[in-house]
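Please read the structure below before turning to the comments.
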Amino acid sequence: MERKVRVRFAPSPTGPLHIGGVRTALYNYLFARQHGGTMILRIEDTDSNRFVPGAEAYINEALHWLGIGIDEGVAEGGEYGPYKQSERRDIYRKYVKQLLDDGKAYIAFDTPEELEAKRQEIKNFQYDASTRMSMRNSLALPAEEVQALIDAGTNYVVRFKIEPGRNVVVHDLIRGDVTINSSILDDKVLYKRADDLPTYHLANIVDDHLMEVSHVIRGEEWLPSAPLHVLLYEAFGWADTQPEFVHLPLLLKPDGKGKLSKRDGDRLGFPVFPLEWHDPKSGEISSGYRESGYLPHAVVNFLSLLGWNPGDDREIMSMDELIRDFSFAHCSKSGAKFDFEKAKWFNHEYLMATEDAALAELFKPILAEHVDVAQFTDEYIAAAVGSVKNRINFVKDLWTNAAFFFKAPVEYAPKDVKKRWKEETPQLMGELIALLEGVDNFADAAATEATVMAWIKGNEYHMGNVMNAFRLTVVGECKGPHMFEITRLLGKEETIARIKRGVEVIKLPTE
RNA sequence: GGCGCAUUCGUAUAUCGGCUAGUACUCAAGAUUUUCAUUCUUGCAAGAGGGGUUCGACUCCCCUAUGCGCUACCA
C-alpha cells in the first residue's frame, strides 16, 4: 500500500530564493500534483543569526508568480502546523528530551572558541566516539558537575551520539543505494541552548515525521548528511515511516566551476533570482527574471529541463504536461550548467505563443515610459505588438522594435540612408505621395500594395530602392514588418506625413 | 586531508548490450523576403583515459584522472 504523497519545500529565509531553489520547489510541486498529493511550504528559520527580513514574503511571491501552488504552509494554513520552525520550539524540546532520556544524545558544554582551538590543535579533529570522552560533556563529566553547570545557566548544545563502525545505507530514488560508514560522521549538534532552537538536522527529521512527509526531494548538497538523517529516524523509532530520499543534481555556473551562486548573476549579466531583490542591509539590488521580461511559464519550462527530460525530444511543455510526465527515472545524476542562451530561446517561444492582446498588456507599462498610451486603442497596440513579436526575446524589446508605430522617426539610420537614398529618391517619393493620396484608405493592405506595385512596375522603377526609401521615411531604418502592414496600422494621413517629412529632412549622403 | 556523488557534441540531453551515437540551443552556410526578423534546408561538433566481462559496450564491473558537493552551535 503506497502511502499518500506529501512533499515539502523547505527554504530558510536567509535571502532571496535562488533559481536552484526554485527548481527544487518545482520538482516537489510536479511530483505532488502528479500523485494528487500535498505540497507543503515550511520555513526553516532555525538560525536566528541569518534571518533576513522580507525573505519569507519573497519566497511566497516568487512561487506564486511561477504558478507553483502551495497546499499547506504559513500563509495557507493546514493541520500540521505551525509551518515555521521558530514557532515549533515546544515540539523540538520534547524530542530533544526523548533522545537525551534514551541515551541517544548528550549535553556538551564546549564553547565555540574551545572547539575552534581543538581544530587548530588537532588536524582533522572530529567530535565523535573517538574524541567525545576528552571533551566537556555529560558523557565525560561527573553527573554532579553536569547538573551544576546546567543549574548555573551555562550554555550548552545537545549532540547526537553516533555509534561508530556501522554501514548506513541511504536509498535514493535517483542514485540508488549510497552506503557510508557511521565512523566518518561527527556527533552533530541537534539543539542549541543559547537560542532554544534545534539545528536543521533535528528540526528537519522531526517535522518531516510529524508532517507525514512521504518524499524528501532536495538538492544534492544534502546527500552527505542523509546518513545522519537515517540514523536520526532510527533513533526516534521512526525507521518504518522514514520518507523516500531524492537528491537532485546541482545547478552549476554557466562558465567554469561550482554551484550557481548569487554573485554569478551580476558577473555574467543574467538573473539568478525569480524576482528582483533589494537587499535590506546593503541596499544592493539583484535582478530577477520577472523584471527582466521573462514569462513565468518560460522560466518553469526551462528550469524543468535542467536535470530532467521527458524521455523524448519534446522541449516546450505546459505545466500540465510536466505534471503528467515528470519522473525521477528521467532525472539526471550530474549537475547541469545553466545556459542563458537557451533560457532566452524559451522565452522567445513563449512570447510567440502569447496572444497579442495579452502581450500588449505586458507592454503597456513600458510603452507608457515613452508616449501617452491613452492616444492608442488596445487593438492598435495589440496589432503593433503582434507584427514585431517574432523578433524579440523579451517584452522590453518590444519598444525598440515597435517604437515607430507610436512615434514618427526623428532620425534616419545613416547606414540605410547611404545605401537607399539616391539622387532621384525625392522625386520618386513625390510620385508615391501623389499615388497614395489617391487611395481611399489603407485598411486593405493587399489593395494598397497592389496599387504601389503596379506603379513601380509600370514605370520600371527599381523595387528595392523605392520600397526601402519608402520604409526609411516611415520607420527610420530599413527593417521591420511587411511595409503595407505598417501603413495599414499607421493610416493614410500619418504615412504620407512621414514620407513628406523624410523628403524634407533626409539629405543625400555626401561622398 | 577525509568521505560521497558524478563524467555523451561548447551547453542541455536521448540511448535502459547491437550506433551509420539522435534532438534542441548556440554558431556557420544556403533558400525565402521590397528591408530586418521569422521560417525552411544543410553543416560544424561528443561517449575522460586504461583495464576487464561479453559474439558484441556509450551502456555492466574495476582502476586512474578530472569536476562538484559535504566535512559549523548554516541551511
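Just so we're on the same page: first chain in the C-alpha cells is A, next is B, and so on; residues restart at 1 for each chain, and ligands are numbered from 1 in the order they show up.
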
Between chain A and chain B, at 7 Å or less, what are the per-residue closest atom pairs and their distances in Å? Count only C-alpha atoms (C1' of nucleotides), order by chain and rising residue number, and return it as JSON lines.
```
{"residue": "A:Ser12", "atom": "CA", "partner": "B:A75", "partner_atom": "C1'", "distance": 6.5}
{"residue": "A:Pro112", "atom": "CA", "partner": "B:C73", "partner_atom": "C1'", "distance": 6.9}
{"residue": "A:Val157", "atom": "CA", "partner": "B:C73", "partner_atom": "C1'", "distance": 6.6}
{"residue": "A:Ile184", "atom": "CA", "partner": "B:C3", "partner_atom": "C1'", "distance": 6.9}
{"residue": "A:Val189", "atom": "CA", "partner": "B:C73", "partner_atom": "C1'", "distance": 6.7}
{"residue": "A:Lys192", "atom": "CA", "partner": "B:C73", "partner_atom": "C1'", "distance": 5.8}
{"residue": "A:Tyr200", "atom": "CA", "partner": "B:A75", "partner_atom": "C1'", "distance": 6.5}
{"residue": "A:Glu221", "atom": "CA", "partner": "B:G69", "partner_atom": "C1'", "distance": 5.5}
{"residue": "A:Pro224", "atom": "CA", "partner": "B:C70", "partner_atom": "C1'", "distance": 5.5}
{"residue": "A:Gly258", "atom": "CA", "partner": "B:C68", "partner_atom": "C1'", "distance": 6.4}
{"residue": "A:Leu306", "atom": "CA", "partner": "B:A12", "partner_atom": "C1'", "distance": 6.8}
{"residue": "A:Gly311", "atom": "CA", "partner": "B:A14", "partner_atom": "C1'", "distance": 6.9}
{"residue": "A:Asp312", "atom": "CA", "partner": "B:A14", "partner_atom": "C1'", "distance": 6.8}
{"residue": "A:Asp313", "atom": "CA", "partner": "B:U23", "partner_atom": "C1'", "distance": 5.6}
{"residue": "A:Lys333", "atom": "CA", "partner": "B:A6", "partner_atom": "C1'", "distance": 6.7}
{"residue": "A:Ser334", "atom": "CA", "partner": "B:A6", "partner_atom": "C1'", "distance": 5.2}
{"residue": "A:Asp339", "atom": "CA", "partner": "B:U11", "partner_atom": "C1'", "distance": 6.0}
{"residue": "A:Glu341", "atom": "CA", "partner": "B:C25", "partner_atom": "C1'", "distance": 6.8}
{"residue": "A:Lys342", "atom": "CA", "partner": "B:C25", "partner_atom": "C1'", "distance": 5.1}
{"residue": "A:Asn390", "atom": "CA", "partner": "B:U38", "partner_atom": "C1'", "distance": 6.0}
{"residue": "A:Arg391", "atom": "CA", "partner": "B:A37", "partner_atom": "C1'", "distance": 5.1}
{"residue": "A:Met463", "atom": "CA", "partner": "B:U34", "partner_atom": "C1'", "distance": 6.1}
{"residue": "A:Gly464", "atom": "CA", "partner": "B:U34", "partner_atom": "C1'", "distance": 4.9}
{"residue": "A:Met467", "atom": "CA", "partner": "B:U34", "partner_atom": "C1'", "distance": 5.3}
{"residue": "A:Asn468", "atom": "CA", "partner": "B:U35", "partner_atom": "C1'", "distance": 6.4}
{"residue": "A:Cys478", "atom": "CA", "partner": "B:U35", "partner_atom": "C1'", "distance": 4.8}
{"residue": "A:Lys479", "atom": "CA", "partner": "B:C36", "partner_atom": "C1'", "distance": 3.8}
{"residue": "A:Gly480", "atom": "CA", "partner": "B:C36", "partner_atom": "C1'", "distance": 5.4}
```

Written file, previous selection with C-alpha atoms, as a PDB file, in the first residue's frame:
```pdb
ATOM      1  CA  SER A  12      15.403  29.090   5.023  1.00  0.00           C
ATOM      2  CA  PRO A 112      32.744  27.581  20.027  1.00  0.00           C
ATOM      3  CA  VAL A 157      24.284  22.129  22.987  1.00  0.00           C
ATOM      4  CA  ILE A 184      33.038   9.326   9.434  1.00  0.00           C
ATOM      5  CA  VAL A 189      24.724  19.403  17.204  1.00  0.00           C
ATOM      6  CA  LYS A 192      21.369  24.981  20.846  1.00  0.00           C
ATOM      7  CA  TYR A 200      18.494  21.860  10.679  1.00  0.00           C
ATOM      8  CA  GLU A 221      24.286  19.155  -1.201  1.00  0.00           C
ATOM      9  CA  PRO A 224      26.360  13.671   2.659  1.00  0.00           C
ATOM     10  CA  GLY A 258      30.893  25.303  -8.981  1.00  0.00           C
ATOM     11  CA  LEU A 306      17.643  21.325 -16.170  1.00  0.00           C
ATOM     12  CA  GLY A 311      12.429  10.771 -22.398  1.00  0.00           C
ATOM     13  CA  ASP A 312      11.722  12.058 -25.886  1.00  0.00           C
ATOM     14  CA  ASP A 313      12.501  15.181 -27.906  1.00  0.00           C
ATOM     15  CA  LYS A 333      22.610  12.407 -11.807  1.00  0.00           C
ATOM     16  CA  SER A 334      25.138  15.031 -12.747  1.00  0.00           C
ATOM     17  CA  ASP A 339      22.665  28.059 -20.257  1.00  0.00           C
ATOM     18  CA  GLU A 341      21.037  31.483 -24.312  1.00  0.00           C
ATOM     19  CA  LYS A 342      18.656  28.599 -24.052  1.00  0.00           C
ATOM     20  CA  ASN A 390       8.709  37.260 -33.762  1.00  0.00           C
ATOM     21  CA  ARG A 391      11.872  39.347 -33.460  1.00  0.00           C
ATOM     22  CA  MET A 463      11.682  47.887 -56.498  1.00  0.00           C
ATOM     23  CA  GLY A 464      14.294  47.587 -53.776  1.00  0.00           C
ATOM     24  CA  MET A 467      10.430  50.317 -51.190  1.00  0.00           C
ATOM     25  CA  ASN A 468      13.411  50.837 -48.944  1.00  0.00           C
ATOM     26  CA  CYS A 478      15.396  49.533 -43.236  1.00  0.00           C
ATOM     27  CA  LYS A 479      13.849  46.909 -41.083  1.00  0.00           C
ATOM     28  CA  GLY A 480      10.545  45.907 -39.621  1.00  0.00           C
TER      29      GLY A 480
END
```

| said: Show me, as JSON, numbers by chain, the residues that have an atom within 9 Å of range 277-284 of chain A when counting only C-alpha atoms (C1' of nucleotides), minus same-chain residues fewer than 4 positions from it. | reply: {"A": [15, 16, 52, 53, 54, 58, 273, 288]}

| Which residues, written as a list of chain:residue names, have at least one atom at most 10 Å from Asp110 in chain A, with only C-alpha atoms (C1' of nucleotides) counted and residues fewer than 3 positions away on the same chain left out? |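 Listing them by chain and then by number gives A:Ile107, A:Glu113, A:Glu114, A:Leu115, A:Glu116, A:Met135, A:Arg136, A:Asn137, A:Asn155, A:Tyr156, A:Val157, B:C73.
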
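Coordinates place CA of Glu234 in chain A at a distance of 12.0 Å from CA of Glu163 in chain A.
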
| Non-local contacts of range 243-256 of chain A (7 Å; only C-alpha atoms (C1' of nucleotides); under 2 positions in same chain excluded) as a PyMOL selection string | chain A and resi 20+171-174+213-220+223+241+258-260+307+332-339

Write out the residues from the selection above, keeping N, CA and C atoms, as a PDB file, in the first residue's frame.
```
ATOM      1  N   GLY A  20      18.121  27.762  -8.220  1.00  0.00           N
ATOM      2  CA  GLY A  20      18.273  26.349  -7.888  1.00  0.00           C
ATOM      3  C   GLY A  20      17.200  25.915  -6.904  1.00  0.00           C
ATOM      4  N   HIS A 171      18.806   5.026   0.715  1.00  0.00           N
ATOM      5  CA  HIS A 171      18.242   4.668  -0.583  1.00  0.00           C
ATOM      6  C   HIS A 171      17.745   5.936  -1.245  1.00  0.00           C
ATOM      7  N   ASP A 172      18.283   6.213  -2.426  1.00  0.00           N
ATOM      8  CA  ASP A 172      17.916   7.429  -3.140  1.00  0.00           C
ATOM      9  C   ASP A 172      17.228   7.047  -4.447  1.00  0.00           C
ATOM     10  N   LEU A 173      16.104   7.668  -4.718  1.00  0.00           N
ATOM     11  CA  LEU A 173      15.316   7.322  -5.900  1.00  0.00           C
ATOM     12  C   LEU A 173      16.002   7.663  -7.219  1.00  0.00           C
ATOM     13  N   ILE A 174      16.992   8.541  -7.185  1.00  0.00           N
ATOM     14  CA  ILE A 174      17.725   8.855  -8.410  1.00  0.00           C
ATOM     15  C   ILE A 174      19.049   8.096  -8.461  1.00  0.00           C
ATOM     16  N   VAL A 213       5.609  13.571   5.885  1.00  0.00           N
ATOM     17  CA  VAL A 213       6.209  13.745   4.572  1.00  0.00           C
ATOM     18  C   VAL A 213       6.611  12.379   4.005  1.00  0.00           C
ATOM     19  N   SER A 214       6.226  12.131   2.767  1.00  0.00           N
ATOM     20  CA  SER A 214       6.486  10.821   2.161  1.00  0.00           C
ATOM     21  C   SER A 214       7.768  10.805   1.331  1.00  0.00           C
ATOM     22  N   HIS A 215       8.121  11.963   0.746  1.00  0.00           N
ATOM     23  CA  HIS A 215       9.304  12.039  -0.117  1.00  0.00           C
ATOM     24  C   HIS A 215      10.074  13.311   0.187  1.00  0.00           C
ATOM     25  N   VAL A 216      11.326  13.149   0.490  1.00  0.00           N
ATOM     26  CA  VAL A 216      12.186  14.310   0.713  1.00  0.00           C
ATOM     27  C   VAL A 216      12.939  14.567  -0.588  1.00  0.00           C
ATOM     28  N   ILE A 217      12.547  15.630  -1.278  1.00  0.00           N
ATOM     29  CA  ILE A 217      13.164  15.963  -2.560  1.00  0.00           C
ATOM     30  C   ILE A 217      13.957  17.242  -2.359  1.00  0.00           C
ATOM     31  N   ARG A 218      15.262  17.153  -2.422  1.00  0.00           N
ATOM     32  CA  ARG A 218      16.100  18.303  -2.105  1.00  0.00           C
ATOM     33  C   ARG A 218      17.376  18.264  -2.919  1.00  0.00           C
ATOM     34  N   GLY A 219      18.210  19.273  -2.763  1.00  0.00           N
ATOM     35  CA  GLY A 219      19.440  19.373  -3.535  1.00  0.00           C
ATOM     36  C   GLY A 219      20.493  18.362  -3.107  1.00  0.00           C
ATOM     37  N   GLU A 220      21.391  18.091  -4.031  1.00  0.00           N
ATOM     38  CA  GLU A 220      22.442  17.110  -3.794  1.00  0.00           C
ATOM     39  C   GLU A 220      23.370  17.471  -2.639  1.00  0.00           C
ATOM     40  N   LEU A 223      23.087  15.242   0.313  1.00  0.00           N
ATOM     41  CA  LEU A 223      23.386  13.807   0.270  1.00  0.00           C
ATOM     42  C   LEU A 223      24.357  13.359   1.363  1.00  0.00           C
ATOM     43  N   THR A 241       8.570   4.559   8.921  1.00  0.00           N
ATOM     44  CA  THR A 241       7.858   5.580   8.153  1.00  0.00           C
ATOM     45  C   THR A 241       8.811   6.630   7.565  1.00  0.00           C
ATOM     46  N   GLY A 258      31.579  25.063 -10.226  1.00  0.00           N
ATOM     47  CA  GLY A 258      30.893  25.303  -8.981  1.00  0.00           C
ATOM     48  C   GLY A 258      29.404  25.545  -9.079  1.00  0.00           C
ATOM     49  N   LYS A 259      28.805  25.533  -7.930  1.00  0.00           N
ATOM     50  CA  LYS A 259      27.380  25.783  -7.799  1.00  0.00           C
ATOM     51  C   LYS A 259      27.064  27.178  -8.287  1.00  0.00           C
ATOM     52  N   LEU A 260      25.929  27.300  -8.943  1.00  0.00           N
ATOM     53  CA  LEU A 260      25.463  28.615  -9.355  1.00  0.00           C
ATOM     54  C   LEU A 260      25.228  29.437  -8.091  1.00  0.00           C
ATOM     55  N   GLY A 307      18.032  19.019 -15.569  1.00  0.00           N
ATOM     56  CA  GLY A 307      18.117  17.919 -14.611  1.00  0.00           C
ATOM     57  C   GLY A 307      17.040  16.870 -14.812  1.00  0.00           C
ATOM     58  N   SER A 332      18.551  13.408 -14.210  1.00  0.00           N
ATOM     59  CA  SER A 332      19.958  13.062 -14.385  1.00  0.00           C
ATOM     60  C   SER A 332      20.693  13.127 -13.058  1.00  0.00           C
ATOM     61  N   LYS A 333      21.856  12.504 -13.049  1.00  0.00           N
ATOM     62  CA  LYS A 333      22.610  12.407 -11.807  1.00  0.00           C
ATOM     63  C   LYS A 333      23.667  13.495 -11.680  1.00  0.00           C
ATOM     64  N   SER A 334      24.053  14.054 -12.809  1.00  0.00           N
ATOM     65  CA  SER A 334      25.138  15.031 -12.747  1.00  0.00           C
ATOM     66  C   SER A 334      24.616  16.457 -12.832  1.00  0.00           C
ATOM     67  N   GLY A 335      25.383  17.370 -12.305  1.00  0.00           N
ATOM     68  CA  GLY A 335      24.996  18.767 -12.266  1.00  0.00           C
ATOM     69  C   GLY A 335      24.789  19.349 -13.655  1.00  0.00           C
ATOM     70  N   ALA A 336      23.900  20.323 -13.741  1.00  0.00           N
ATOM     71  CA  ALA A 336      23.601  20.946 -15.031  1.00  0.00           C
ATOM     72  C   ALA A 336      24.085  22.377 -15.050  1.00  0.00           C
ATOM     73  N   LYS A 337      24.835  22.713 -16.096  1.00  0.00           N
ATOM     74  CA  LYS A 337      25.275  24.096 -16.233  1.00  0.00           C
ATOM     75  C   LYS A 337      24.133  24.926 -16.789  1.00  0.00           C
ATOM     76  N   PHE A 338      24.001  26.076 -16.239  1.00  0.00           N
ATOM     77  CA  PHE A 338      22.938  26.980 -16.611  1.00  0.00           C
ATOM     78  C   PHE A 338      23.264  27.658 -17.935  1.00  0.00           C
ATOM     79  N   ASP A 339      22.410  27.475 -18.939  1.00  0.00           N
ATOM     80  CA  ASP A 339      22.665  28.059 -20.257  1.00  0.00           C
ATOM     81  C   ASP A 339      21.702  29.216 -20.522  1.00  0.00           C
TER      82      ASP A 339
END
```

| Straight-line distance linking CA of Ile456 in chain A with CA of Arg471 in chain A, stated in Å to one decimal |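 Result for CA of Ile456 in chain A versus CA of Arg471 in chain A: 14.8 Å, one decimal.
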
| said: Excluding U41 in chain B and its own-chain neighbours fewer than 5 positions away, which residues fall within 12 Å of it when counting only C-alpha atoms (C1' of nucleotides)? Please give them as a list in words. | reply: A29, G30, A31 and U32 of chain B

Could you save the residues just selected, with C-alpha atoms (C1' of nucleotides), as a tab-separated table (two decimals), in the first residue's frame?
```
chain	number	residue	atom	x	y	z
B	29	A	C1'	26.32	28.39	-44.99
B	30	G	C1'	22.27	28.38	-48.40
B	31	A	C1'	16.99	29.20	-49.66
B	32	U	C1'	12.88	32.59	-48.80
```

| query | Which residue out of A:Ala450, A:Leu141, A:Ile316, A:Ala408 has the minimum interatomic distance to Arg501 in chain A when only C-alpha atoms are used? | reply |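 For Arg501 in chain A, the nearest of the given residues is A:Ala408.
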
| task | Just list the residues in range 240-354 of chain A DSSP gives strand (DSSP E) on the backbone, as a list in words. | result | Glu244, Phe245, Val246, His247, Leu248, Leu251, Leu252, Trp277, His278, Ile285, Ser286, Ala336 and Lys337 of chain A

| Interatomic distance (Å, one decimal) between CA of Val395 in chain A and CA of Arg314 in chain A |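 CA of Arg314 in chain A lies 24.9 Å from CA of Val395 in chain A.
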
| request: Compile the contact shell of Asp440 in chain A as an MDAnalysis selection string: residues with an atom at most 12 Å away, counting only C-alpha atoms (C1' of nucleotides), same-chain residues fewer than 5 positions apart removed. | output: chainID A and resid 435 445 447:448 451 488 491:493

Hey, can you spit out that residue selection with N, CA and C atoms as a CSV table (one decimal), in the first residue's frame?
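What follows is the written file again35.csv:
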```csv
chain,number,residue,atom,x,y,z
A,435,LEU,N,0.5,59.3,-55.5
A,435,LEU,CA,-0.2,58.0,-55.8
A,435,LEU,C,-1.1,57.6,-54.5
A,445,ALA,N,-4.6,46.2,-46.8
A,445,ALA,CA,-3.2,46.2,-47.1
A,445,ALA,C,-2.8,45.7,-48.5
A,447,ALA,N,-4.6,45.7,-51.1
A,447,ALA,CA,-5.1,46.6,-52.2
A,447,ALA,C,-4.0,47.7,-52.3
A,448,THR,N,-3.6,48.3,-51.2
A,448,THR,CA,-2.6,49.4,-51.2
A,448,THR,C,-1.4,48.8,-51.9
A,451,THR,N,-1.7,48.6,-55.6
A,451,THR,CA,-1.6,49.9,-56.3
A,451,THR,C,-0.1,50.3,-56.4
A,488,ARG,N,-1.0,50.1,-43.0
A,488,ARG,CA,-2.4,49.8,-42.7
A,488,ARG,C,-2.7,50.3,-41.3
A,491,GLY,N,-2.1,54.3,-41.0
A,491,GLY,CA,-3.2,55.0,-41.7
A,491,GLY,C,-2.6,56.0,-42.8
A,492,LYS,N,-3.5,56.4,-43.6
A,492,LYS,CA,-3.1,57.2,-44.8
A,492,LYS,C,-2.4,58.6,-44.4
A,493,GLU,N,-3.1,59.3,-43.5
A,493,GLU,CA,-2.6,60.6,-43.1
A,493,GLU,C,-1.2,60.6,-42.5
```

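Those residues that approach Ser86 in chain A to within 10 Å, counting only C-alpha atoms (C1' of nucleotides), are Ile43, Glu44, Asp45, Thr46, Asp47, Ser48, Tyr92, Asp196, Leu197, Pro198 and Ala203 of chain A; same-chain residues fewer than 6 positions away are not listed.
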
| message | as a VMD selection string, please: every residue in range 233-273 of chain A that DSSP puts in helix (DSSP H, G or I). | response | chain A and resid 233 to 236 239 to 241 262 to 268
